[in-house]
Each structure stands twice: as C-alpha cells, then as structure tokens.
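A short write-up of the structure that comes next.
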Amino acid sequence: MTSPTIPARGMLLEMFRRMVLIRRFEDYLYGLFLQGLVPGTLHQCQGQEAVAVGVCSALRSDDAIFSTHRPVGHFIAKGSSLRRIAAELWGKAEGCAGGKGGQMHLVDTSVGAFPSNAIVGANIPIATGAALGFKLRGVDRVAVSFFGDGAANIGAFHEGLNLAAVKDAPVIFVCENNLYAASTHISHAMRISSIAERAASYGIPGFSVDGMDVVAVYDSAMKAVERARFGNGPTLLEYMTFRYAGHSRGDPGGYRTKEELQRWREQDPVRKCRELLAQDFQLEEADMVRIENKCQEEIEDAVEFARSSPEPAPETCTEHVYAPSEVQR
Amino acid sequence: MTNGKMGMAEALRAAIRLAMSQDSSVFLLGEDIGISGGFGGGFTVTLGLSEEFGHERVMDTPISEIAIIGAAVGAALVGMRPIAEMQYGDFVFCAMDQVVNQAAKMHYMSNGRVSVPMVLRLPVGATTRGAQHGQCTEAFFMHTPGLKVVCPSNPYDAKGLLLAAIRDNNPVVFLEHKKLYGGKGGRREKAGLDIAAEVPEEEYEVPLGKVAVRREGADITILANMLMVHYALAAADELNREGISVEVIDVRCLVPLDTDTLAGSAKKTSRVLIVEEDNLTCGWGAEVAARLGEAAFYYLDKPIVRIAAPDSPLPCSPALEEAYVPSVEQIVREARRLML
Amino acid sequence: MPYFYRDNIDFYFEEYGSGSPFIISHGLGGNLAQIRELIGELPNISLILYDNRGHGRTSAVGDPKKLNFSEMADDMAALLDRLGIPAAFIGGVSMGAGIALAFSRRHRDRARGFILSRPAWLNVPNPPNLSILGTIADLVEKHGSKSALQLFRNSETFISLKECFPETARSLIELFSPSSIEKIVLPLRFIPASVPFESFDQLQSIVEPTLVVANHKDPVHPFEYAERLTSAIPSAALREIPSKSVSVEEHRHQFQRLLTEFLSGVT
C-alpha cells in the first residue's frame, strides 16, 4: 500500500484548524449541555473530526454533501458559519434553518451542504440523485453521502449504491464506521467485518481507511473525488473511527468499555495532526496555540450570538410548507 | 390518435414531451420506461420518449422504488425537475420515507432554503389485479403537508395538470387511473373507458388548486375524482330522467383544495354526496366532508354522504371487485335517498 | 487534485511553474520526486510530473500485461487530456525516454518537441544493459525484498558496480524500496520485455525538435543508444553531460541548462 500524500503546509494547517474548531465546539456544547443550557438534543462527533475534515477538504464549495443526524462536524468542515449552526442548535430565528430544522437538520447551500437527514441511510439515494442531476446538467460537481456503520444495513443503502453504480453517478459514499449504531456493536449487525467489502456487490471500488488520520482520509477522498468528477463513477469509502461521546445527549455509553475508549483516544486525530505539523512542517507550539485560542474565541462568540439572538416568531411555524410556485421557463 | 382525439395516456405523453423539449432540467426515472423495443412504462405513457430524448433523460432504473424516489428528491434539490414513475401506484409504499420524510419535509425543515420540484406519477385504480396492484392512494398524500396531490379524470385535464405539476416547485403526487388511460392493442386496459377527447396540440396549463364543475345542477352536489367522475356523470344522466338535477364536480386536485367552490356548491344544493374509489375510513371524502360540515353546515338539509370502497383490501376476482368498487347504481341509489 | 484516474488506477501527479506545458516521465523503479529534484523549476515552463503505473504514489500496478511502453504512453496522453492540454513538450529519463518515443508513435499530434534523456532501450526487448533488472526480480521473488536487498548488496556484481559507478549502484538499491513485492517485481519483469518502437524507420518521421541527452560511464544507459537514436531522428541533436557517478551536482546543473536552452529556443 502506498503511503498517503501529505498535503501542502497551508492545506494541512487549515485542516488542523477545522478539526480544532469541531473538537472545541462540540466539547464546549457538551459543557453547556451538562449545565442544562442547550435547549435541544445533541449528537456529537468528537473523535471523528478527521473524516469530516479530510473528506470535505477534497471537495469544492460547489460539491454537495448530504449529512446525517450528526452533522456539526461535516458542516464546519465544509466551511459553514459557526454562528448560524449555533443559533440553529438553540432553535433561534437566525439559525441556518430558522429554528425549523434543529440540530439534526442543518442546512447551508452556500457551501454545498444540503439539509442533513435524521432518517438513517435516507440521504444515500438522495445523494445519488443529486449526482445524477449534475451529470445530466453536464457540470463536474460531485455529491457526497455521509452515513454510519448502522446505515450499511438499511434498504436505502443497497438501492442507492446500486443505482449509482449502474448509472456511473458522480457520488462518493462515505461510511463513518465508529463500530456502534446507537448501542449496537457492528458484530451484532453484520456477518462481515468490513463495510468496504460490500462495494464489490455493486461493482464499485471500496476502501477501508484509518479514519483517525486526516492525511489518509484526505488522500483516499481525493482519489474518489477524482474518479467521480471525471466520469469514472462512485466509490465506497469506509473510515474506521470512533465517537468519544455517547450516541446522543445523555447517553453515557455504557455499552462500551473504558479500555476501548482509551485505545481510540490514543489515536486522537486532532493530536496526530498537531504532531505532524510540528514534526514535518516545523510548526511552533506557539503558532498552534494561537490557532486554538482563535478557535475558542470564535466558538464563544458563536454561542453567545445563539443565546442572545431572538426566538422565531410563532407565525413562522407554518411558513415554508410549500415553495412559491412561479412558472419557470 | 383518431380524428384528432387522444386518450389520457397520449395526453400525458404529450405533456411530458412538451415539457422535456422546453426545459432541459425535466427528466424521467422509472422501471421499463425507456427500454428500446419496450412498452414505455407500465401503461405506455412514456412510449417513444427515449428515442426522442435519449436514455439518460428517460432513465430506466432497477427495481428500486426507494432509489427512484430518493434520486428524484436529490436531483430536484440540485435544480432538476424529475418525473418519477412507480409502475403501479401501490409500489410507492416501498418508498414512503422518501415521499413523506424527505420530499414533503425538505423545504420546511430547511426554512425554504431548498425545494423539491418533482412529480411522482402513480397509476392507480382497481383492474382485477388484486390488492397490491390497484389501490387508490391519494388519502395518504393528502394527509402529508408539503405535498400537492393531483388526480385528473380526462385527457384535457391530464395534459394541462401534468404541465402545471412539472412546473410547480413542490413535490406533486400525480395519480392516473388505469381505466382512463385509453390506448390500443395489447396494452389496452380491459374494461377501461374510452374517454378519448379533443386535446389541443399547443401548450396550455390547468392550474393546480381548482376543481371543475362538470355538470351544473340544483338538487344534489356530487363530488368525485378520477374514474368516479365518469360514474357520477352517468348516474347524473339517469337521475336527470327522474327529475333530479345533479351538479357533478370533478375534484381533480386534492391539495391545494378548492374548498370555496365546493362549499359554494354545497350551499347551493344543500345535499352533498362524495364518491371515491378508496377505502372509506380516512379517505379524501372524510376530509372534504369535515370541511364542508364546517363551511356549509347551516345550508345542508341532509348529512354529507360518502360512497367509497369498503374498509378492506382490494379483492381480485371480478365478481368481488364489482362489489368493492362503487358503481353507478350505488350512486343513483344514494342520490335518491338524499332526495327523500 | 494530484490524482487522475485511468484504467482502474489512481495516478499521482504534480504540476508546477507556469508557461508552456512540459510533461516528463521518470525511469523504471523511480518516481516523480526524482525528476522534481533533478530539474527543479524551469523558466516559463509548466512542469507536469507523474508516477507511472506501478510506481511511486500511483496506487496500483494494474494489469501486468499493460506494463509496456504503448500503454504507458497512453497514460501520459490521458494526463494531458485530464489537464485539457492539447499539446506539450514530451520528455523522459531512461524508461521515460522510451515512453516519450512510444508517445511519438501513438500521439504525435500532441507533441511540440521531445526530450530523451539517457535512453536505455532501442528496439530490442530485454537488452543486455538491463539484465541486472531480471536478476533483481529473481532475488526479490525468491527471498522477499529485505533478504534480497542484503544478498544483492553482498554480491560481486554490486560491489564492483559500487566502485566504478556509485550512482548506478545507488539507483539499483532504490528498486528494493516499494512495500509490495508486486510493485517491485512486475515492473522489472514486464517493462524491459517491451520496446518503445519496432523499427528505426518509425523514428524517421519525427520532425519535432528533439533533444537527446546522455552521458558516458553509465552501464545501464549506453551512450551509443543515444547516438543511434540521434542519427535515426532527423530533427534530433545530441548533448553530453557528466554522469551522475562522476558528479551529481554537475549532472543536474548541466541538464537544467540544456533543458532551459532547448525549451526557450523552441517556444
């Protein structure tokens, strides 16, 4: 196996910054949640940052991503506004979905992030359709579907991958395999040990990659994006990763052992990236601390914005059920 | 097409052809819709279109209802105008998540940031094929905020409504009754109606959200859709000979619902009879009856009556289907009772 | 995006500099980093480097039957397609020179000129100057790369090579580095067995400006090959530079100078 291509310094620095932003934002939210200050639910992604950032760094801003009930990392990685994400989590009018979507239904089409989906696996055929739309329009945009190990067993996975394969859709299927679907370990849900194996059933390439290594994620994602963008069809990428937090708020994760968690923490993707920057790019400790502090400021500002911005007006409850119907020619 | 007339399948095809030639974002997905030498979908509606527009825009899919509708949602999100076809309307249930949780809710959940301008075409109606190939499914979709629901009864409306549906920026569930398709030869529906009519060749739209008064009357208002419109008209003829003046309204669009026109008619005649081919409980008739009860209560002389299929799955045997699907006789009988 | 996809293989490539496009291929067992080190930047030239199938960061070896000059020339053309470049200067070092010659046969209209550095093939498969490659492939297949390397280092052939031609010896050691046996053995077996061109007649129609560069003191890249190619190609000129075994610095310096002169002379 060839070792992955290490990105240029500037790119790696930006990846580091985004991973720090995700990690610290999620940790900050969790702290607030414990104080009872977060109004809604939280599905957090600490530990999985490298997948979000590695994949999104291989995309253009006009490429489309379709995320899940755990969307915060993907949205930050794609460049979405922290303030608008935070406000949505607080159900405020200034949230990216006006408070209508909530934590599970973030949206930011200005960076190609379509509404995230809380139905497991539902975004898989949707992403295939978006890719087909790009293909029909003759543009070289690609679509990415994010989903977890649990989704690999739902019908939409099968149908979505098969249709994409048959039609050479420019879509990349990204499975964040964190070994647990809610509390169910993957060994109880499948007989095979690697989801990437399923790619063969559809006649598309499939790869299983270390999801704790942002460089490996980026490298494999780039290859898949290249394939899709230039007419060579879909790829299934399986990233082995781990979520430090429970499935959702209030889930203490009693179905996993401390040892297992500890083993994965030793592979911490943010720390590994930091070390890479120090060793290979001679980044000074002071530089990295500066980046981290800046992220912290941005996070505190975003949450402050969210907490102090106004609630949506009650009348807006029934707005946007239907799209306006101007005739388009 | 004979004597410049066309059946509903042809009219739908004409609408699709027009839309596809004008707007490159319109494309079709479904099973067996474009295969060369094939049958143009379950009911010939897409026959010949792949020759004209190619196999990319007339996209044949595997048997994958979830992917068909899901892909339509995705394509619509990025600016295409897909028309997805279920080979039989009953198969939509394989993909209800994509219709109800995805297509219907995306615009709202995103606070208007994205929209899903797609059409979902469903061939419906009992045709002695049994319970899983003949249900009329409009009630499920009328109940789902975010969807529009259209159900033409004739070729002229079919073409105009489909064009309007394609251009609408919302997901539109478009029901087509199999017995109204018309058509010739092997693909012709046994016991189908021949309702071939003059359909203008040029472009026109029938706007969504309006019902159509098919026959004016003073004594009873009959509300019906699809095949039942024709039965209601036949019943109206018979009742007319008995001196009963029947107003027949074609409820060709269930969402948005033209409650004003319906209420106006109810207030005029003070007797309302609703005829639908769907199961009685929670059919569209129940919703309309409730609305008219609110809007016209003090004008009604009799309770609103619904004729519908019984609350059972659809039987296959022709004799049983006859007992199941509302008939002209049933309509006549209930109308006479209303006049007592 | 430093990958392009062809034939089930993700090819790694790099592009830098700006100006006329110049694509140049590395040698057998090598990779684009070597070329990058050798050439650096050239004025008014957009350099396009890539790892051939089975080499460097290119993910796969692919079908062994496609480890031949014709296929590799098509890979090079595919990269030009991918970058939307209708025509470029086409160059190569050692095996790369062979690829450039195959390119001249198969994609003539895409070439503005040719740069053939230290050719190691004429039109005879498995030439004697490359027999050492077969020996190395045998060793690796039999003993695995680690032990094979040790055996090779201790062999008489290597020891005498190291004395007279230290750079050649060093470059042969590099052949043992890929982590998969497949990646070591398959190119070494299949590529020498193929030829860049069939007959010298085929070279006579080359009218594009052609620079041939070679050195003495290089057992793997005989100077006479460069001479014979130069006489067969009407538009070719031969330039000699010092062998790397004499001075790596000088070799590099002179090569860069020659390239700069040649390319600016033509553009």
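Ordering of the structure tokens sets the chain letters (A, B, ...), residue numbers begin anew at 1 in every chain, and ligands are numbered from 1 in the order given.
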
#### Entry: Which of segment 11-167 of chain A DSSP labels strand (DSSP E or B), written as a ChimeraX atom specification
/A:64-66,108,113,143-148

May I have the selected residues written with N, CA and C atoms, as an mmCIF file, in the first residue's frame?
data_model
loop_
_atom_site.group_PDB
_atom_site.id
_atom_site.type_symbol
_atom_site.label_atom_id
_atom_site.label_comp_id
_atom_site.auth_asym_id
_atom_site.auth_seq_id
_atom_site.Cartn_x
_atom_site.Cartn_y
_atom_site.Cartn_z
ATOM 1 N N ALA A 64 -21.675 18.873 -3.440
ATOM 2 C CA ALA A 64 -22.765 18.760 -2.472
ATOM 3 C C ALA A 64 -22.461 17.708 -1.423
ATOM 4 N N ILE A 65 -22.722 18.038 -0.150
ATOM 5 C CA ILE A 65 -22.641 16.997 0.873
ATOM 6 C C ILE A 65 -24.018 16.757 1.470
ATOM 7 N N PHE A 66 -24.263 15.502 1.817
ATOM 8 C CA PHE A 66 -25.513 15.105 2.454
ATOM 9 C C PHE A 66 -25.139 14.424 3.759
ATOM 10 N N ASP A 108 -26.872 24.540 4.673
ATOM 11 C CA ASP A 108 -26.121 25.715 4.234
ATOM 12 C C ASP A 108 -25.738 25.512 2.785
ATOM 13 N N ALA A 113 -23.866 22.412 1.424
ATOM 14 C CA ALA A 113 -24.330 21.466 2.440
ATOM 15 C C ALA A 113 -25.858 21.432 2.428
ATOM 16 N N ALA A 143 -21.287 14.668 -5.581
ATOM 17 C CA ALA A 143 -22.087 14.612 -4.355
ATOM 18 C C ALA A 143 -21.450 13.622 -3.401
ATOM 19 N N VAL A 144 -21.537 13.920 -2.100
ATOM 20 C CA VAL A 144 -21.016 13.015 -1.079
ATOM 21 C C VAL A 144 -22.130 12.657 -0.119
ATOM 22 N N SER A 145 -22.281 11.385 0.155
ATOM 23 C CA SER A 145 -23.249 10.938 1.153
ATOM 24 C C SER A 145 -22.496 10.438 2.368
ATOM 25 N N PHE A 146 -22.732 11.068 3.517
ATOM 26 C CA PHE A 146 -22.149 10.588 4.770
ATOM 27 C C PHE A 146 -23.161 9.684 5.469
ATOM 28 N N PHE A 147 -22.683 8.604 6.053
ATOM 29 C CA PHE A 147 -23.559 7.757 6.855
ATOM 30 C C PHE A 147 -22.689 6.899 7.760
ATOM 31 N N GLY A 148 -23.329 6.225 8.715
ATOM 32 C CA GLY A 148 -22.572 5.432 9.677
ATOM 33 C C GLY A 148 -22.627 3.945 9.366
#

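Excluding Thr260 of chain C itself and any same-chain residue fewer than 2 positions from it, the protein and nucleic acid residues within 12 Å of it, counting only C-alpha atoms, are Ser20, Phe22, Ile39, Gly40, Glu41, Leu42, Pro43, Asn44, Ile45, Ile115, Leu211, His253, Gln254, Phe255, Gln256, Arg257, Leu258, Phe262, Leu263, Ser264, Gly265, Val266 and Thr267 of chain C.
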
Selection export as a compact mmCIF listing (two decimals), in the first residue's frame, atoms kept: C-alpha atoms:
# COMPACT_ATOMS: atom_id res chain seq x y z
CA SER C 20 4.43 26.09 -21.89
CA PHE C 22 6.28 20.09 -20.43
CA ILE C 39 15.03 19.56 -12.80
CA GLY C 40 13.55 21.90 -10.20
CA GLU C 41 11.85 24.85 -11.83
CA LEU C 42 12.31 25.92 -15.43
CA PRO C 43 11.57 29.46 -16.58
CA ASN C 44 8.29 29.89 -18.50
CA ILE C 45 7.58 26.22 -18.28
CA ILE C 115 13.43 15.37 -24.72
CA LEU C 211 16.93 16.92 -27.60
CA HIS C 253 23.19 21.63 -13.36
CA GLN C 254 24.03 20.84 -16.96
CA PHE C 255 20.79 19.04 -17.54
CA GLN C 256 18.81 22.03 -16.32
CA ARG C 257 20.85 24.33 -18.54
CA LEU C 258 20.29 22.16 -21.59
CA PHE C 262 16.27 23.85 -25.68
CA LEU C 263 12.81 24.79 -24.49
CA SER C 264 13.31 28.53 -24.81
CA GLY C 265 14.83 28.02 -28.22
CA VAL C 266 11.77 26.23 -29.44
CA THR C 267 9.00 28.29 -27.80

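Considering the residues A:Glu14, A:Glu315, A:Glu176, A:Glu300 and counting only C-alpha atoms, Phe242 of chain A has its shortest atom-to-atom contact with A:Glu176.
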
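Each of A:His74, A:Lys135, A:Arg83, A:Arg227 was compared to chain B using only C-alpha atoms, and A:Lys135 turns out to be the nearest.
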
#### Entry: Residues near Glu275 of chain A, cut-off 12 Å, only C-alpha atoms, skip fewer than 3 positions along chain, as an NGL selection string
:A and (12-13 or 16 or 213 or 267-272 or 278-285 or 288)

### Message
Can you tell me which residues surround segment 255-268 of chain B at a distance of at most 8 Å, considering only C-alpha atoms, apart from same-chain residues fewer than 5 positions away, and format the answer as an MDAnalysis selection string?
### Response
chainID B and resid 142 147:150 208:211 218 221 247 249 291:292 295:296 299:300

How would the residues just picked look written out with C-alpha atoms as a PDB file, in the first residue's frame?
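Writing the result to selection_13.pdb gives the following:
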ATOM      1  CA  MET B 142     -53.410  14.466   1.059  1.00  0.00           C
ATOM      2  CA  LEU B 147     -47.101  17.506  -0.968  1.00  0.00           C
ATOM      3  CA  LYS B 148     -49.566  18.532  -3.640  1.00  0.00           C
ATOM      4  CA  VAL B 149     -51.984  15.891  -4.898  1.00  0.00           C
ATOM      5  CA  VAL B 150     -53.497  15.834  -8.371  1.00  0.00           C
ATOM      6  CA  LEU B 208     -53.497  23.322  -9.606  1.00  0.00           C
ATOM      7  CA  GLY B 209     -55.858  24.118  -6.771  1.00  0.00           C
ATOM      8  CA  LYS B 210     -59.062  24.375  -8.793  1.00  0.00           C
ATOM      9  CA  VAL B 211     -61.864  21.824  -9.084  1.00  0.00           C
ATOM     10  CA  ALA B 218     -79.559  22.396  -8.389  1.00  0.00           C
ATOM     11  CA  THR B 221     -73.813  18.068  -5.396  1.00  0.00           C
ATOM     12  CA  GLU B 247     -74.247  19.009 -10.033  1.00  0.00           C
ATOM     13  CA  ILE B 249     -67.792  18.437  -9.523  1.00  0.00           C
ATOM     14  CA  ARG B 291     -64.501  20.808   5.816  1.00  0.00           C
ATOM     15  CA  LEU B 292     -67.895  21.187   4.189  1.00  0.00           C
ATOM     16  CA  ALA B 295     -68.208  25.685   5.906  1.00  0.00           C
ATOM     17  CA  ALA B 296     -71.805  24.857   4.961  1.00  0.00           C
ATOM     18  CA  TYR B 299     -77.089  25.220   4.466  1.00  0.00           C
ATOM     19  CA  LEU B 300     -77.240  21.436   4.423  1.00  0.00           C
TER      20      LEU B 300
END

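The closest residue to chain B, picked from A:Phe134, A:Tyr202, A:Tyr218, A:Tyr28 and counting only C-alpha atoms, is A:Phe134.
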
Counting only C-alpha atoms, which residues of chain A sit at most 9 Å from some atom of chain C, and what is each one's closest atom pair with its distance in Å to one decimal, listed by chain and rising residue number, as a Markdown table?
| residue | atom | partner | partner_atom | distance |
| --- | --- | --- | --- | --- |
| A:Met1 | CA | C:Ser179 | CA | 6.8 |
| A:Thr2 | CA | C:Arg57 | CA | 5.8 |
| A:Ser3 | CA | C:Arg57 | CA | 7.3 |
| A:Pro4 | CA | C:Arg57 | CA | 7.6 |
| A:Thr5 | CA | C:Arg57 | CA | 7.4 |
| A:Ala58 | CA | C:Met1 | CA | 7.9 |
| A:Pro205 | CA | C:Asn8 | CA | 8.9 |
| A:Met222 | CA | C:Met1 | CA | 6.7 |
| A:Lys223 | CA | C:Tyr3 | CA | 6.0 |
| A:Ala224 | CA | C:Asp10 | CA | 8.9 |
| A:Val225 | CA | C:Met1 | CA | 8.9 |
| A:Glu226 | CA | C:Phe4 | CA | 6.2 |
| A:Arg227 | CA | C:Tyr5 | CA | 5.8 |
| A:Phe230 | CA | C:Tyr5 | CA | 7.8 |
| A:Asn232 | CA | C:Tyr5 | CA | 7.6 |

Create the file for the chosen residues now, containing N, CA and C atoms and written as an mmCIF file, in the first residue's frame.
data_model
loop_
_atom_site.group_PDB
_atom_site.id
_atom_site.type_symbol
_atom_site.label_atom_id
_atom_site.label_comp_id
_atom_site.auth_asym_id
_atom_site.auth_seq_id
_atom_site.Cartn_x
_atom_site.Cartn_y
_atom_site.Cartn_z
ATOM 1 N N MET A 1 0.844 -1.195 0.000
ATOM 2 C CA MET A 1 0.000 0.000 0.000
ATOM 3 C C MET A 1 0.870 1.232 0.000
ATOM 4 N N THR A 2 0.553 2.155 -0.870
ATOM 5 C CA THR A 2 1.368 3.371 -0.900
ATOM 6 C C THR A 2 0.972 4.252 0.283
ATOM 7 N N SER A 3 1.953 4.946 0.865
ATOM 8 C CA SER A 3 1.603 5.855 1.968
ATOM 9 C C SER A 3 0.934 7.093 1.376
ATOM 10 N N PRO A 4 0.022 7.672 2.116
ATOM 11 C CA PRO A 4 -0.752 8.775 1.538
ATOM 12 C C PRO A 4 0.099 10.003 1.271
ATOM 13 N N THR A 5 -0.365 10.781 0.338
ATOM 14 C CA THR A 5 0.300 12.031 0.007
ATOM 15 C C THR A 5 0.026 13.041 1.110
ATOM 16 N N ALA A 58 -11.272 17.656 0.332
ATOM 17 C CA ALA A 58 -11.064 17.176 -1.036
ATOM 18 C C ALA A 58 -12.162 17.678 -1.968
ATOM 19 N N PRO A 205 -15.457 0.441 -6.664
ATOM 20 C CA PRO A 205 -14.307 0.314 -5.763
ATOM 21 C C PRO A 205 -14.700 0.642 -4.325
ATOM 22 N N MET A 222 -9.548 12.216 -2.049
ATOM 23 C CA MET A 222 -9.147 12.874 -3.296
ATOM 24 C C MET A 222 -9.221 11.930 -4.477
ATOM 25 N N LYS A 223 -8.783 10.706 -4.258
ATOM 26 C CA LYS A 223 -8.811 9.745 -5.355
ATOM 27 C C LYS A 223 -10.257 9.463 -5.765
ATOM 28 N N ALA A 224 -11.099 9.318 -4.756
ATOM 29 C CA ALA A 224 -12.501 9.020 -5.050
ATOM 30 C C ALA A 224 -13.179 10.193 -5.750
ATOM 31 N N VAL A 225 -12.853 11.405 -5.313
ATOM 32 C CA VAL A 225 -13.439 12.594 -5.928
ATOM 33 C C VAL A 225 -12.984 12.701 -7.376
ATOM 34 N N GLU A 226 -11.716 12.434 -7.586
ATOM 35 C CA GLU A 226 -11.162 12.457 -8.940
ATOM 36 C C GLU A 226 -11.932 11.493 -9.833
ATOM 37 N N ARG A 227 -12.124 10.298 -9.327
ATOM 38 C CA ARG A 227 -12.844 9.292 -10.113
ATOM 39 C C ARG A 227 -14.228 9.796 -10.461
ATOM 40 N N PHE A 230 -14.436 12.924 -12.961
ATOM 41 C CA PHE A 230 -14.061 12.724 -14.356
ATOM 42 C C PHE A 230 -14.730 11.515 -14.981
ATOM 43 N N ASN A 232 -15.768 8.513 -13.818
ATOM 44 C CA ASN A 232 -15.452 7.110 -13.541
ATOM 45 C C ASN A 232 -16.262 6.517 -12.402
#

Do you have, as a tab-separated table, the list of residues of chain A lying at most 6 Å from chain B, each with its nearest atom pair and that distance in Å to one decimal, counting only C-alpha atoms and ordered by chain then number?
residue	atom	partner	partner_atom	distance
A:Ala97	CA	B:Ser110	CA	4.9
A:Gly98	CA	B:Asn111	CA	5.9
A:Lys100	CA	B:Met109	CA	5.3
A:Gly101	CA	B:Met109	CA	4.7
A:Pro125	CA	B:Gly70	CA	5.0
A:Ile126	CA	B:Gly74	CA	4.2
A:Ala127	CA	B:Gly74	CA	5.8
A:Thr128	CA	B:Ala71	CA	5.8
A:Gly129	CA	B:Ala71	CA	3.5
A:Ala130	CA	B:Gly74	CA	4.3
A:Gly133	CA	B:Ala75	CA	4.6
A:Glu159	CA	B:Ala67	CA	5.4
A:Gly160	CA	B:Ala67	CA	5.4
A:His320	CA	B:Tyr108	CA	5.0
A:Val321	CA	B:Tyr108	CA	5.1
A:Tyr322	CA	B:Gly146	CA	5.6
A:Ala323	CA	B:Asn169	CA	5.9
A:Ser325	CA	B:Asp168	CA	5.3
A:Val327	CA	B:Arg167	CA	5.8
